[in-house]
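This is model31.tsv. It holds TSV, C-alpha atoms and all ligand atoms.
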chain	number	residue	atom	x	y	z
A	1	MET	CA	-11.79	19.75	-24.62
A	2	ALA	CA	-8.43	18.10	-23.95
A	3	ARG	CA	-6.84	15.08	-25.60
A	4	VAL	CA	-6.58	12.14	-23.24
A	5	PHE	CA	-4.92	8.75	-23.60
A	6	VAL	CA	-6.17	5.79	-21.54
A	7	THR	CA	-3.83	2.83	-21.78
A	8	ARG	CA	-6.52	0.11	-21.53
A	9	ALA	CA	-10.29	-0.27	-21.50
A	10	LEU	CA	-11.44	0.01	-17.87
A	11	PRO	CA	-14.40	-1.72	-16.19
A	12	GLY	CA	-17.63	0.12	-15.44
A	13	PRO	CA	-19.21	3.23	-16.86
A	14	GLY	CA	-16.55	5.65	-15.54
A	15	LEU	CA	-14.85	6.28	-18.88
A	16	ASP	CA	-18.14	7.60	-20.35
A	17	ARG	CA	-17.77	10.69	-18.16
A	18	LEU	CA	-14.32	11.24	-19.58
A	19	ARG	CA	-15.54	10.78	-23.16
A	20	ALA	CA	-18.32	13.32	-22.53
A	21	GLU	CA	-15.82	16.02	-21.64
A	22	HIS	CA	-12.64	15.16	-23.50
A	23	GLU	CA	-11.33	13.62	-26.70
A	24	THR	CA	-10.55	10.20	-25.32
A	25	ASP	CA	-8.24	7.68	-26.97
A	26	VAL	CA	-8.51	4.25	-25.28
A	27	TRP	CA	-5.91	1.57	-26.14
A	28	PRO	CA	-8.14	-1.27	-27.37
A	29	GLU	CA	-5.90	-4.32	-26.94
A	30	ARG	CA	-5.86	-6.88	-24.15
A	31	LEU	CA	-2.10	-6.43	-23.70
A	32	PRO	CA	-0.62	-3.04	-22.72
A	33	PRO	CA	0.58	-0.66	-25.42
A	34	PRO	CA	4.16	-1.49	-26.40
A	35	ARG	CA	6.62	1.24	-25.47
A	36	GLU	CA	6.62	2.93	-28.89
A	37	GLU	CA	2.80	3.04	-28.93
A	38	LEU	CA	2.72	4.39	-25.38
A	39	VAL	CA	5.13	7.15	-26.37
A	40	GLU	CA	3.26	7.94	-29.59
A	41	HIS	CA	-0.21	8.08	-28.01
A	42	THR	CA	0.98	10.06	-24.98
A	43	ALA	CA	3.03	12.51	-27.07
A	44	GLY	CA	0.03	14.65	-28.08
A	45	ALA	CA	-2.03	14.07	-24.94
A	46	GLU	CA	-2.82	16.53	-22.16
A	47	GLY	CA	-4.13	13.81	-19.86
A	48	LEU	CA	-2.99	10.22	-19.29
A	49	ILE	CA	-4.67	7.36	-17.43
A	50	SER	CA	-1.93	4.78	-16.92
A	51	LEU	CA	-1.93	1.28	-15.45
A	52	LEU	CA	0.71	-0.38	-13.30
A	53	THR	CA	1.87	-2.16	-16.46
A	54	ASP	CA	2.89	1.15	-18.06
A	55	VAL	CA	6.29	2.64	-17.32
A	56	VAL	CA	5.63	6.36	-17.03
A	57	ASP	CA	9.22	7.49	-16.73
A	58	ALA	CA	11.04	10.78	-17.25
A	59	ASP	CA	11.53	10.05	-20.97
A	60	LEU	CA	7.83	9.46	-21.57
A	61	ILE	CA	6.94	12.64	-19.69
A	62	ALA	CA	9.59	14.62	-21.59
A	63	ALA	CA	8.21	13.31	-24.90
A	64	ALA	CA	4.75	14.67	-24.03
A	65	PRO	CA	5.14	18.46	-23.94
A	66	ARG	CA	1.39	19.13	-23.50
A	67	LEU	CA	0.88	16.59	-20.71
A	68	ARG	CA	-0.60	18.26	-17.62
A	69	ALA	CA	-2.33	15.46	-15.66
A	70	ILE	CA	-1.45	11.80	-14.99
A	71	SER	CA	-3.91	9.48	-13.28
A	72	ASN	CA	-2.62	6.04	-12.32
A	73	TYR	CA	-5.21	3.27	-12.14
A	74	ALA	CA	-3.70	1.78	-8.95
A	75	VAL	CA	-2.95	2.81	-5.41
A	76	GLY	CA	0.76	2.11	-5.99
A	77	THR	CA	2.62	4.64	-8.09
A	78	ASP	CA	5.99	2.92	-8.41
A	79	ASN	CA	5.51	2.73	-12.21
A	80	VAL	CA	5.39	6.53	-12.41
A	81	ASP	CA	8.40	8.82	-12.07
A	82	ILE	CA	6.78	11.12	-9.54
A	83	ILE	CA	9.88	13.31	-9.33
A	84	ALA	CA	9.88	13.95	-13.09
A	85	ALA	CA	6.14	14.66	-13.08
A	86	THR	CA	6.41	16.99	-10.10
A	87	ALA	CA	9.32	18.84	-11.70
A	88	ARG	CA	7.00	19.59	-14.65
A	89	GLY	CA	4.17	20.59	-12.27
A	90	ILE	CA	2.09	17.58	-13.38
A	91	PRO	CA	-0.23	16.18	-10.72
A	92	VAL	CA	-0.22	12.38	-10.38
A	93	GLY	CA	-3.43	10.74	-9.19
A	94	HIS	CA	-3.88	7.27	-7.72
A	95	THR	CA	-6.74	5.12	-6.40
A	96	PRO	CA	-6.49	4.37	-2.67
A	97	ASP	CA	-9.33	3.27	-0.35
A	98	VAL	CA	-11.63	1.74	-2.97
A	99	LEU	CA	-9.45	-1.37	-3.27
A	100	THR	CA	-8.44	-1.71	0.38
A	101	ASP	CA	-10.96	-4.38	1.37
A	102	ALA	CA	-10.61	-6.37	-1.85
A	103	THR	CA	-6.84	-6.51	-1.43
A	104	ALA	CA	-7.05	-7.34	2.28
A	105	ASP	CA	-9.52	-10.14	1.48
A	106	LEU	CA	-7.10	-11.57	-1.08
A	107	ALA	CA	-4.18	-11.37	1.36
A	108	PHE	CA	-6.21	-13.32	3.87
A	109	ALA	CA	-7.38	-15.79	1.24
A	110	LEU	CA	-3.73	-16.45	0.36
A	111	LEU	CA	-2.83	-16.81	4.02
A	112	LEU	CA	-5.59	-19.38	4.56
A	113	ALA	CA	-4.89	-21.21	1.32
A	114	ALA	CA	-1.18	-21.54	2.08
A	115	ALA	CA	-1.72	-22.45	5.73
A	116	ARG	CA	-4.23	-25.19	4.87
A	117	ARG	CA	-2.43	-26.28	1.69
A	118	LEU	CA	-5.55	-25.81	-0.43
A	119	PRO	CA	-3.81	-25.88	-3.85
A	120	VAL	CA	-2.14	-29.23	-3.09
A	121	ALA	CA	-5.33	-30.75	-1.68
A	122	ALA	CA	-7.44	-29.50	-4.61
A	123	ARG	CA	-4.93	-30.85	-7.14
A	124	ALA	CA	-5.04	-34.25	-5.43
A	125	VAL	CA	-8.81	-34.45	-5.98
A	126	ILE	CA	-8.49	-33.57	-9.69
A	127	ALA	CA	-5.70	-36.17	-10.03
A	128	GLY	CA	-7.94	-38.92	-8.62
A	129	ASP	CA	-5.75	-39.10	-5.54
A	130	TRP	CA	-8.55	-38.84	-2.94
A	131	LEU	CA	-8.50	-42.51	-1.93
A	132	THR	CA	-9.92	-42.28	1.57
A	133	TRP	CA	-10.04	-40.02	4.62
A	134	GLU	CA	-6.44	-40.00	5.84
A	135	PRO	CA	-5.52	-39.02	9.39
A	136	ALA	CA	-2.04	-37.76	8.55
A	137	ARG	CA	-2.40	-36.33	5.04
A	138	HIS	CA	-2.88	-32.74	3.88
A	139	LEU	CA	-1.97	-31.43	7.31
A	140	GLY	CA	-1.66	-27.69	7.44
A	141	GLN	CA	-1.11	-25.04	10.04
A	142	SER	CA	-3.49	-23.40	12.49
A	143	VAL	CA	-4.46	-19.87	11.60
A	144	HIS	CA	-6.71	-19.26	14.60
A	145	GLY	CA	-4.60	-17.90	17.43
A	146	ALA	CA	-1.38	-17.70	15.39
A	147	THR	CA	0.82	-14.62	15.14
A	148	LEU	CA	0.63	-12.40	12.06
A	149	GLY	CA	3.38	-9.90	11.29
A	150	ILE	CA	2.29	-7.01	9.08
A	151	VAL	CA	5.04	-5.14	7.26
A	152	GLY	CA	3.53	-1.77	6.37
A	153	LEU	CA	0.56	-0.83	8.54
A	154	GLY	CA	-1.16	1.48	6.04
A	155	ARG	CA	-4.73	1.24	4.80
A	156	ILE	CA	-4.44	-2.33	3.50
A	157	GLY	CA	-2.23	-3.50	6.36
A	158	ARG	CA	-4.82	-2.25	8.87
A	159	ALA	CA	-7.62	-3.97	6.96
A	160	VAL	CA	-5.67	-7.25	7.08
A	161	ALA	CA	-5.15	-6.74	10.83
A	162	ALA	CA	-8.92	-6.33	11.28
A	163	ARG	CA	-9.49	-9.68	9.55
A	164	ALA	CA	-6.78	-11.30	11.69
A	165	HIS	CA	-8.50	-10.16	14.87
A	166	GLY	CA	-11.54	-12.20	13.77
A	167	PHE	CA	-9.26	-15.23	13.85
A	168	ALA	CA	-7.98	-14.35	17.36
A	169	MET	CA	-4.52	-13.79	15.92
A	170	GLU	CA	-1.83	-11.81	17.67
A	171	VAL	CA	-0.99	-8.99	15.25
A	172	LEU	CA	2.47	-7.48	15.13
A	173	SER	CA	3.47	-4.65	12.83
A	174	THR	CA	6.43	-2.57	11.82
A	175	PRO	CA	6.29	1.07	12.99
A	176	THR	CA	4.67	3.84	10.95
A	177	ALA	CA	5.11	7.60	11.22
A	178	THR	CA	2.26	7.68	13.75
A	179	THR	CA	2.20	4.23	15.39
A	180	PRO	CA	4.89	2.37	17.29
A	181	GLY	CA	5.82	-1.12	16.18
A	182	LEU	CA	8.49	-3.77	16.11
A	183	PRO	CA	11.73	-3.56	14.14
A	184	LEU	CA	11.48	-5.77	11.06
A	185	ALA	CA	13.95	-8.36	12.40
A	186	ALA	CA	11.98	-8.89	15.61
A	187	LEU	CA	8.69	-9.09	13.71
A	188	LEU	CA	10.11	-11.74	11.36
A	189	GLU	CA	11.44	-13.78	14.27
A	190	ARG	CA	8.11	-13.80	16.12
A	191	SER	CA	5.58	-14.28	13.31
A	192	ASP	CA	3.87	-17.43	12.04
A	193	PHE	CA	2.68	-15.49	9.00
A	194	VAL	CA	4.31	-12.40	7.51
A	195	SER	CA	2.19	-10.26	5.18
A	196	LEU	CA	3.73	-7.43	3.14
A	197	HIS	CA	1.79	-4.18	2.68
A	198	CYS	CA	4.45	-1.52	2.19
A	199	PRO	CA	4.85	0.45	-1.05
A	200	LEU	CA	7.76	-0.36	-3.34
A	201	THR	CA	10.41	2.33	-2.87
A	202	PRO	CA	14.22	2.31	-3.08
A	203	VAL	CA	14.17	1.48	0.65
A	204	THR	CA	11.76	-1.47	0.42
A	205	ARG	CA	13.21	-3.04	-2.75
A	206	HIS	CA	14.43	-6.52	-1.70
A	207	LEU	CA	13.48	-5.74	1.91
A	208	ILE	CA	12.77	-9.45	2.22
A	209	ASN	CA	16.18	-10.75	1.25
A	210	ALA	CA	18.20	-13.79	2.35
A	211	GLU	CA	19.02	-12.20	5.70
A	212	ALA	CA	15.38	-11.33	6.39
A	213	LEU	CA	14.20	-14.81	5.34
A	214	SER	CA	16.77	-16.41	7.64
A	215	ARG	CA	15.13	-14.63	10.58
A	216	MET	CA	11.73	-16.18	9.85
A	217	ARG	CA	10.62	-19.38	11.53
A	218	PRO	CA	10.95	-22.66	9.60
A	219	THR	CA	7.18	-23.00	10.02
A	220	ALA	CA	6.43	-19.46	8.83
A	221	ILE	CA	4.58	-18.47	5.65
A	222	LEU	CA	5.25	-15.29	3.64
A	223	ILE	CA	2.37	-13.49	1.92
A	224	ASN	CA	2.94	-10.70	-0.61
A	225	THR	CA	0.08	-8.71	-2.13
A	226	ALA	CA	2.09	-5.48	-2.40
A	227	ARG	CA	4.80	-5.43	-5.07
A	228	GLY	CA	6.99	-8.28	-6.29
A	229	ALA	CA	10.30	-6.46	-6.01
A	230	ILE	CA	9.92	-6.11	-2.24
A	231	VAL	CA	11.03	-9.76	-2.14
A	232	ASP	CA	14.35	-11.01	-3.45
A	233	GLN	CA	12.92	-13.92	-5.43
A	234	ALA	CA	16.23	-15.79	-5.78
A	235	ALA	CA	16.58	-15.71	-2.00
A	236	LEU	CA	12.96	-16.80	-1.59
A	237	ARG	CA	13.49	-19.77	-3.88
A	238	THR	CA	16.51	-20.86	-1.84
A	239	ALA	CA	14.61	-20.39	1.41
A	240	LEU	CA	11.72	-22.55	0.17
A	241	GLU	CA	14.03	-25.24	-1.19
A	242	GLN	CA	16.09	-25.39	1.99
A	243	GLY	CA	13.08	-25.23	4.30
A	244	THR	CA	14.20	-21.96	5.87
A	245	ILE	CA	10.51	-21.02	5.74
A	246	ALA	CA	7.50	-23.29	5.25
A	247	GLY	CA	5.79	-21.58	2.35
A	248	ALA	CA	4.98	-18.45	0.40
A	249	ALA	CA	1.84	-17.10	-1.25
A	250	LEU	CA	2.44	-14.30	-3.74
A	251	ASP	CA	-0.03	-12.21	-5.69
A	252	VAL	CA	2.80	-10.13	-7.12
A	253	THR	CA	6.13	-11.05	-8.69
A	254	ASN	CA	9.07	-9.37	-10.35
A	255	PRO	CA	8.70	-9.30	-13.30
A	256	GLU	CA	4.99	-9.54	-14.00
A	257	PRO	CA	3.94	-11.79	-15.47
A	258	ILE	CA	6.49	-14.24	-14.10
A	259	THR	CA	7.87	-16.20	-17.04
A	260	PRO	CA	7.01	-19.93	-17.18
A	261	ASP	CA	10.73	-20.81	-16.99
A	262	ASP	CA	11.41	-18.66	-13.92
A	263	PRO	CA	13.32	-20.85	-11.41
A	264	LEU	CA	11.06	-19.63	-8.60
A	265	LEU	CA	8.17	-21.63	-10.06
A	266	SER	CA	9.92	-24.91	-9.27
A	267	ALA	CA	10.19	-24.08	-5.55
A	268	PRO	CA	8.09	-26.17	-3.15
A	269	ASN	CA	5.18	-24.86	-1.07
A	270	LEU	CA	4.63	-21.86	-3.30
A	271	LEU	CA	1.30	-20.41	-4.40
A	272	ILE	CA	1.21	-17.61	-6.98
A	273	THR	CA	-1.83	-15.70	-8.23
A	274	PRO	CA	-1.68	-13.19	-11.12
A	275	HIS	CA	-1.88	-9.81	-9.30
A	276	ILE	CA	-5.60	-10.01	-8.52
A	277	GLY	CA	-5.64	-8.17	-5.17
A	278	SER	CA	-8.10	-5.52	-6.35
A	279	ALA	CA	-9.91	-7.81	-8.78
A	280	THR	CA	-13.50	-7.54	-7.64
A	281	THR	CA	-16.08	-5.96	-9.91
A	282	ALA	CA	-16.90	-3.32	-7.30
A	283	ALA	CA	-13.28	-2.37	-6.59
A	284	ARG	CA	-12.23	-2.19	-10.23
A	285	GLU	CA	-15.28	-0.11	-11.22
A	286	GLN	CA	-14.66	2.27	-8.32
A	287	MET	CA	-11.01	2.51	-9.37
A	288	THR	CA	-12.23	3.62	-12.80
A	289	GLU	CA	-14.45	6.29	-11.22
A	290	LEU	CA	-11.61	7.56	-9.07
A	291	ALA	CA	-9.06	7.53	-11.88
A	292	VAL	CA	-11.47	9.56	-14.03
A	293	GLU	CA	-12.27	11.99	-11.18
A	294	ASN	CA	-8.55	12.50	-10.60
A	295	LEU	CA	-7.90	13.17	-14.27
A	296	LEU	CA	-10.88	15.52	-14.69
A	297	ALA	CA	-9.74	17.51	-11.65
A	298	GLY	CA	-6.14	17.65	-12.87
A	299	LEU	CA	-7.17	18.83	-16.33
A	300	ALA	CA	-9.44	21.48	-14.80
A	301	GLY	CA	-6.55	22.76	-12.67
A	302	ARG	CA	-8.19	21.60	-9.43
A	303	PRO	CA	-6.42	19.44	-6.80
A	304	MET	CA	-7.05	15.77	-7.54
A	305	PRO	CA	-9.22	13.95	-4.95
A	306	HIS	CA	-6.30	11.53	-4.49
A	307	GLN	CA	-3.03	13.03	-5.56
A	308	ALA	CA	0.24	11.20	-4.95
A	309	ASN	CA	2.47	14.26	-5.31
A	310	ALA	CA	2.07	17.61	-3.58
A	311	PRO	CA	-0.21	20.03	-5.45
A	312	ALA	CA	1.82	22.50	-7.53
B	1	LIG	C1	-2.61	-1.28	-6.86
B	1	LIG	O1	-3.63	-0.61	-6.95
B	1	LIG	O2	-1.50	-0.76	-6.63
B	1	LIG	C2	-2.76	-2.77	-6.99
B	1	LIG	O3	-1.56	-3.42	-7.00
B	1	LIG	C3	-3.61	-3.13	-8.18
B	1	LIG	O4	-4.89	-2.75	-7.93
Step by step, read the file and then write its structure as C-alpha cells.
Ligand code: DGY
Amino acid sequence: MARVFVTRALPGPGLDRLRAEHETDVWPERLPPPREELVEHTAGAEGLISLLTDVVDADLIAAAPRLRAISNYAVGTDNVDIIAATARGIPVGHTPDVLTDATADLAFALLLAAARRLPVAARAVIAGDWLTWEPARHLGQSVHGATLGIVGLGRIGRAVAARAHGFAMEVLSTPTATTPGLPLAALLERSDFVSLHCPLTPVTRHLINAEALSRMRPTAILINTARGAIVDQAALRTALEQGTIAGAALDVTNPEPITPDDPLLSAPNLLITPHIGSATTAAREQMTELAVENLLAGLAGRPMPHQANAPA
C-alpha cells in the first residue's frame, strides 16, 4: 500500500478504486492547496494526482524523495516539469481522448456564440432592452460556409474540424508531423474563425501575438480553448479595441482565474468562460477513471495507459 496525494476531490466513483488499494489523502477544499500545503502533502507521497492548477515543478519533485508516479488530471501537462520527472524516472500520466468531444463542443459553442453575438443579445433581454423585432440590430456573422483555421490539428482540433464540416465550413489547419497544412501566417490571413488547439510549449507561448493578430481579418474571430498563454493578452486587447479583429471567445486565460481588474476584461466583443472545455459529467468522471488507472499502473511499475513521458 502506497501513500498517495490527490490535490482535489474528483467527480465520479474513480477515487474509490484508489482508496481500496492505497492510503489516499484527498485535499478537501474547493480551492487548490496553497504551495506550502502542496509541498507538505506531496513530500511523503509515492503517488500524486495533480490538477492543472497545481505547479508540479522541479522543486516540488525534489522535495518528494519517495515520489514514483505523477498522474495529471488533464490532457495538457504544461503545469508539470516533465523533464524533472523524467530525470527521476517518474512516469507522468495525463487524460487524453475522454475529453476530446466535450472540449470540441465547447470550442464550437464559443464560435457560434461569438459569431451570433449571443452574450450581447441575451444581456439585452435581461436589461429590458428587447423593444421590438429590429431589422438591423444584433447582426452577427455567418458560420455556415465560412472558413475555419485550426491551429494544432491533434485530437481536439480534428474533432472541431468534424463539427465544422457539418456547417459546410472550409477547414484550414497548420501542419502536423503527419499531415500537410498551411503556415500559420497564411492560415490567419484566410480564416473567418481561428481556433487554437495546440499544447502550450516554449514554442507556442504567445504564438498569437500582435504580429499574428495583425494578419487576421478585421471580421475574424479568435477562439481559444487550449491554454491562455498561447495568446499575448495585451496584444489581443489592443487588437479588439482597434478593431484589428472582430472578436474573441476564450475559455482559457493567463493567469487563471483572470483577475476582475485585468485590462483585457474591458475590451469589446470579448467572451470569456472559466476553463470549462472538459466540464461535462461524463468527461470529468472518465478523466477521474483515467487518472486513477494511470496512477495505479505507475505505482505498480507498469506503463501508464496514457503516459506523457517515455517509459523509463
Ligand atoms: C485539459 O485537460 O488539459 C483541459 O484544459 C482541462 O480538462
(message) Give me the residues near Thr179 in chain A as a ChimeraX atom specification, where near means some atom within 10 Å (using only C-alpha atoms) and where sequence neighbours in that chain fewer than 5 positions away do not count.
(response) /A:153,173-174
(request) Give the residues close to ligand LIG 1 (chain B), within 12 Å, counting all atoms listed in the file; write them as JSON, numbers by chain. (result) {"A": [50, 51, 52, 53, 71, 72, 73, 74, 75, 76, 77, 78, 79, 80, 93, 94, 95, 96, 97, 98, 99, 100, 101, 102, 103, 104, 106, 107, 155, 156, 197, 198, 199, 200, 224, 225, 226, 227, 228, 251, 252, 253, 256, 274, 275, 276, 277, 278, 279, 280, 281, 283, 284, 285, 286, 287, 288, 290, 291]}
(request) Can you work out which one of A:Leu295, A:Ala114, A:Ala234, A:Ala248 has the shortest atom-to-atom distance to Phe5 in chain A, counting only C-alpha atoms? (result)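 The answer is A:Leu295, which sits nearest to Phe5 in chain A.
Atom pair CA of Leu184 in chain A / CA of Ala161 in chain A: separated by 16.7 Å.
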Determine, for each residue of range 42-77 of chain A having at least one atom at most 12 Å from an atom of range 19-24 of chain A, the closest pair of atoms and their separation in Å to one decimal, counting all atoms listed in the file; order by chain and ascending number, as a tab-separated table.
residue	atom	partner	partner_atom	distance
A:Thr42	CA	A:Thr24	CA	11.5
A:Gly44	CA	A:Glu23	CA	11.5
A:Ala45	CA	A:Thr24	CA	9.4
A:Glu46	CA	A:His22	CA	10.0
A:Gly47	CA	A:Thr24	CA	9.2
A:Leu48	CA	A:Thr24	CA	9.7
A:Ile49	CA	A:Thr24	CA	10.2
(message) Just the number, please: distance in Å from CA of Ala146 in chain A to CA of Phe193 in chain A, one decimal.
(response) 7.9 Å
Find the residues with any atom within 6 Å of (11.4, -5.2, -0.3); use all atoms listed in the file and the coordinates as given in the file, and write the answer as a PDB file with C-alpha atoms, in the frame of the given file.
ATOM      1  CA  THR A 204      11.760  -1.470   0.420  1.00  0.00           C
ATOM      2  CA  ARG A 205      13.210  -3.040  -2.750  1.00  0.00           C
ATOM      3  CA  HIS A 206      14.430  -6.520  -1.700  1.00  0.00           C
ATOM      4  CA  LEU A 207      13.480  -5.740   1.910  1.00  0.00           C
ATOM      5  CA  ILE A 208      12.770  -9.450   2.220  1.00  0.00           C
ATOM      6  CA  ALA A 229      10.300  -6.460  -6.010  1.00  0.00           C
ATOM      7  CA  ILE A 230       9.920  -6.110  -2.240  1.00  0.00           C
ATOM      8  CA  VAL A 231      11.030  -9.760  -2.140  1.00  0.00           C
TER       9      VAL A 231
END
(message) To one decimal place in Å, what is the distance between CA of Gly140 in chain A and CA of Gly247 in chain A?
(response) 10.9 Å
(request) Write out as a ChimeraX atom specification each polymer residue whose atoms come within 12 Å of His165 in chain A, counting only C-alpha atoms; drop sequence neighbours fewer than 3 positions from it. (result) /A:108,143-148,158-162,168-172
Selection export as a tab-separated table (two decimals), in the coordinates of the input, atoms kept: C-alpha atoms:
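Result file follows (result_20.tsv):
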chain	number	residue	atom	x	y	z
A	108	PHE	CA	-6.21	-13.32	3.87
A	143	VAL	CA	-4.46	-19.87	11.60
A	144	HIS	CA	-6.71	-19.26	14.60
A	145	GLY	CA	-4.60	-17.90	17.43
A	146	ALA	CA	-1.38	-17.70	15.39
A	147	THR	CA	0.82	-14.62	15.14
A	148	LEU	CA	0.63	-12.40	12.06
A	158	ARG	CA	-4.82	-2.25	8.87
A	159	ALA	CA	-7.62	-3.97	6.96
A	160	VAL	CA	-5.67	-7.25	7.08
A	161	ALA	CA	-5.15	-6.74	10.83
A	162	ALA	CA	-8.92	-6.33	11.28
A	168	ALA	CA	-7.98	-14.35	17.36
A	169	MET	CA	-4.52	-13.79	15.92
A	170	GLU	CA	-1.83	-11.81	17.67
A	171	VAL	CA	-0.99	-8.99	15.25
A	172	LEU	CA	2.47	-7.48	15.13
(request) Find, counting all atoms listed in the file, the residue in A:His138, A:Arg163, A:Met304, A:Thr86 that gets nearest to Pro119 in chain A. (result) A:His138
Near Arg8 in chain A, counting only C-alpha atoms, which residues have an atom at most 9 Å away, once you skip same-chain residues fewer than 4 positions from it, shown as a PDB file with C-alpha atoms, in the coordinates of the input?
ATOM      1  CA  VAL A  26      -8.510   4.250 -25.280  1.00  0.00           C
ATOM      2  CA  TRP A  27      -5.910   1.570 -26.140  1.00  0.00           C
ATOM      3  CA  PRO A  28      -8.140  -1.270 -27.370  1.00  0.00           C
ATOM      4  CA  GLU A  29      -5.900  -4.320 -26.940  1.00  0.00           C
ATOM      5  CA  ARG A  30      -5.860  -6.880 -24.150  1.00  0.00           C
ATOM      6  CA  LEU A  31      -2.100  -6.430 -23.700  1.00  0.00           C
ATOM      7  CA  PRO A  32      -0.620  -3.040 -22.720  1.00  0.00           C
ATOM      8  CA  PRO A  33       0.580  -0.660 -25.420  1.00  0.00           C
ATOM      9  CA  ILE A  49      -4.670   7.360 -17.430  1.00  0.00           C
ATOM     10  CA  SER A  50      -1.930   4.780 -16.920  1.00  0.00           C
ATOM     11  CA  LEU A  51      -1.930   1.280 -15.450  1.00  0.00           C
TER      12      LEU A  51
END
(request) Would you please work out which residue, of A:Leu139, A:Ala308, A:Gln233, A:Gly243, is nearest to Ile258 in chain A when using only C-alpha atoms? (result)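 Selected residue with least distance to Ile258 in chain A: A:Gln233.
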(request) Determine the nearest neighbour of Ala84 in chain A from the options A:Leu60, A:Ala235, A:Ala124, A:Leu250, counting all atoms listed in the file. (result)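 Distance minimum relative to Ala84 in chain A lands on A:Leu60.
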(request) May I have the residues within 7 Å of range 259-268 of chain A as a ChimeraX atom specification, using only C-alpha atoms and disregarding those fewer than 3 positions away in the same chain? (result) /A:233,237,240-241
Could you write those residues out with C-alpha atoms, as a PDB file, in the coordinates of the input?
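Saved to part_17.pdb:
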ATOM      1  CA  GLN A 233      12.920 -13.920  -5.430  1.00  0.00           C
ATOM      2  CA  ARG A 237      13.490 -19.770  -3.880  1.00  0.00           C
ATOM      3  CA  LEU A 240      11.720 -22.550   0.170  1.00  0.00           C
ATOM      4  CA  GLU A 241      14.030 -25.240  -1.190  1.00  0.00           C
TER       5      GLU A 241
END
(message) Taking all atoms listed in the file into account, name the residue in A:Ile90, A:Val125, A:Val194, A:Trp133 that is nearest to Leu111 in chain A.
(response) A:Val194
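The nearest approach to Asn269 in chain A among the residues A:Arg190, A:Asn309, A:Arg116, A:Asn209, with all atoms listed in the file taken into account, belongs to A:Arg116.
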Test item: axis-aligned box, all listed atoms of range 198-217 of chain A, 8 Å on each side, centre and edges in Å rounded to one decimal, as AutoDock Vina command-line options:
--center_x 11.7 --center_y -8.5 --center_z 4.1 --size_x 30.6 --size_y 37.7 --size_z 30.9
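Taking only C-alpha atoms into account, the protein, DNA and RNA residues within 10 Å of (-14.2, 12.4, -4.6) read A:Glu289, A:Leu290, A:Glu293, A:Asn294, A:Ala297, A:Met304, A:Pro305, A:His306.
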Add whatever atoms are absent from range 145-160 of chain A to reach N, CA and C atoms, and provide the output as a PDB file, in the frame of the given file.
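As a result, result.pdb now contains:
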ATOM      1  N   GLY A 145      -5.507 -18.033  16.294  1.00  0.00           N
ATOM      2  CA  GLY A 145      -4.600 -17.900  17.430  1.00  0.00           C
ATOM      3  C   GLY A 145      -3.128 -17.762  17.072  1.00  0.00           C
ATOM      4  N   ALA A 146      -2.795 -17.825  15.790  1.00  0.00           N
ATOM      5  CA  ALA A 146      -1.380 -17.700  15.390  1.00  0.00           C
ATOM      6  C   ALA A 146      -0.961 -16.227  15.391  1.00  0.00           C
ATOM      7  N   THR A 147       0.304 -15.994  15.129  1.00  0.00           N
ATOM      8  CA  THR A 147       0.820 -14.620  15.140  1.00  0.00           C
ATOM      9  C   THR A 147       1.069 -14.143  13.712  1.00  0.00           C
ATOM     10  N   LEU A 148       0.491 -12.994  13.399  1.00  0.00           N
ATOM     11  CA  LEU A 148       0.630 -12.400  12.060  1.00  0.00           C
ATOM     12  C   LEU A 148       1.496 -11.148  12.149  1.00  0.00           C
ATOM     13  N   GLY A 149       2.538 -11.097  11.363  1.00  0.00           N
ATOM     14  CA  GLY A 149       3.380  -9.900  11.290  1.00  0.00           C
ATOM     15  C   GLY A 149       3.040  -9.110  10.039  1.00  0.00           C
ATOM     16  N   ILE A 150       2.672  -7.859  10.215  1.00  0.00           N
ATOM     17  CA  ILE A 150       2.290  -7.010   9.080  1.00  0.00           C
ATOM     18  C   ILE A 150       3.418  -6.008   8.830  1.00  0.00           C
ATOM     19  N   VAL A 151       3.970  -6.073   7.643  1.00  0.00           N
ATOM     20  CA  VAL A 151       5.040  -5.140   7.260  1.00  0.00           C
ATOM     21  C   VAL A 151       4.383  -4.040   6.430  1.00  0.00           C
ATOM     22  N   GLY A 152       4.196  -2.874   7.062  1.00  0.00           N
ATOM     23  CA  GLY A 152       3.530  -1.770   6.370  1.00  0.00           C
ATOM     24  C   GLY A 152       2.096  -1.650   6.848  1.00  0.00           C
ATOM     25  N   LEU A 153       1.906  -0.933   7.964  1.00  0.00           N
ATOM     26  CA  LEU A 153       0.560  -0.830   8.540  1.00  0.00           C
ATOM     27  C   LEU A 153      -0.151   0.407   7.977  1.00  0.00           C
ATOM     28  N   GLY A 154      -0.371   0.406   6.675  1.00  0.00           N
ATOM     29  CA  GLY A 154      -1.160   1.480   6.040  1.00  0.00           C
ATOM     30  C   GLY A 154      -2.604   1.028   5.942  1.00  0.00           C
ATOM     31  N   ARG A 155      -3.303   1.559   4.939  1.00  0.00           N
ATOM     32  CA  ARG A 155      -4.730   1.240   4.800  1.00  0.00           C
ATOM     33  C   ARG A 155      -4.951  -0.268   4.670  1.00  0.00           C
ATOM     34  N   ILE A 156      -4.208  -0.898   3.759  1.00  0.00           N
ATOM     35  CA  ILE A 156      -4.440  -2.330   3.500  1.00  0.00           C
ATOM     36  C   ILE A 156      -3.912  -3.161   4.664  1.00  0.00           C
ATOM     37  N   GLY A 157      -2.776  -2.783   5.205  1.00  0.00           N
ATOM     38  CA  GLY A 157      -2.230  -3.500   6.360  1.00  0.00           C
ATOM     39  C   GLY A 157      -3.215  -3.490   7.528  1.00  0.00           C
ATOM     40  N   ARG A 158      -3.846  -2.329   7.771  1.00  0.00           N
ATOM     41  CA  ARG A 158      -4.820  -2.250   8.870  1.00  0.00           C
ATOM     42  C   ARG A 158      -6.044  -3.111   8.575  1.00  0.00           C
ATOM     43  N   ALA A 159      -6.453  -3.148   7.324  1.00  0.00           N
ATOM     44  CA  ALA A 159      -7.620  -3.970   6.960  1.00  0.00           C
ATOM     45  C   ALA A 159      -7.307  -5.463   7.135  1.00  0.00           C
ATOM     46  N   VAL A 160      -6.074  -5.852   6.858  1.00  0.00           N
ATOM     47  CA  VAL A 160      -5.670  -7.250   7.080  1.00  0.00           C
ATOM     48  C   VAL A 160      -5.659  -7.530   8.592  1.00  0.00           C
TER      49      VAL A 160
END
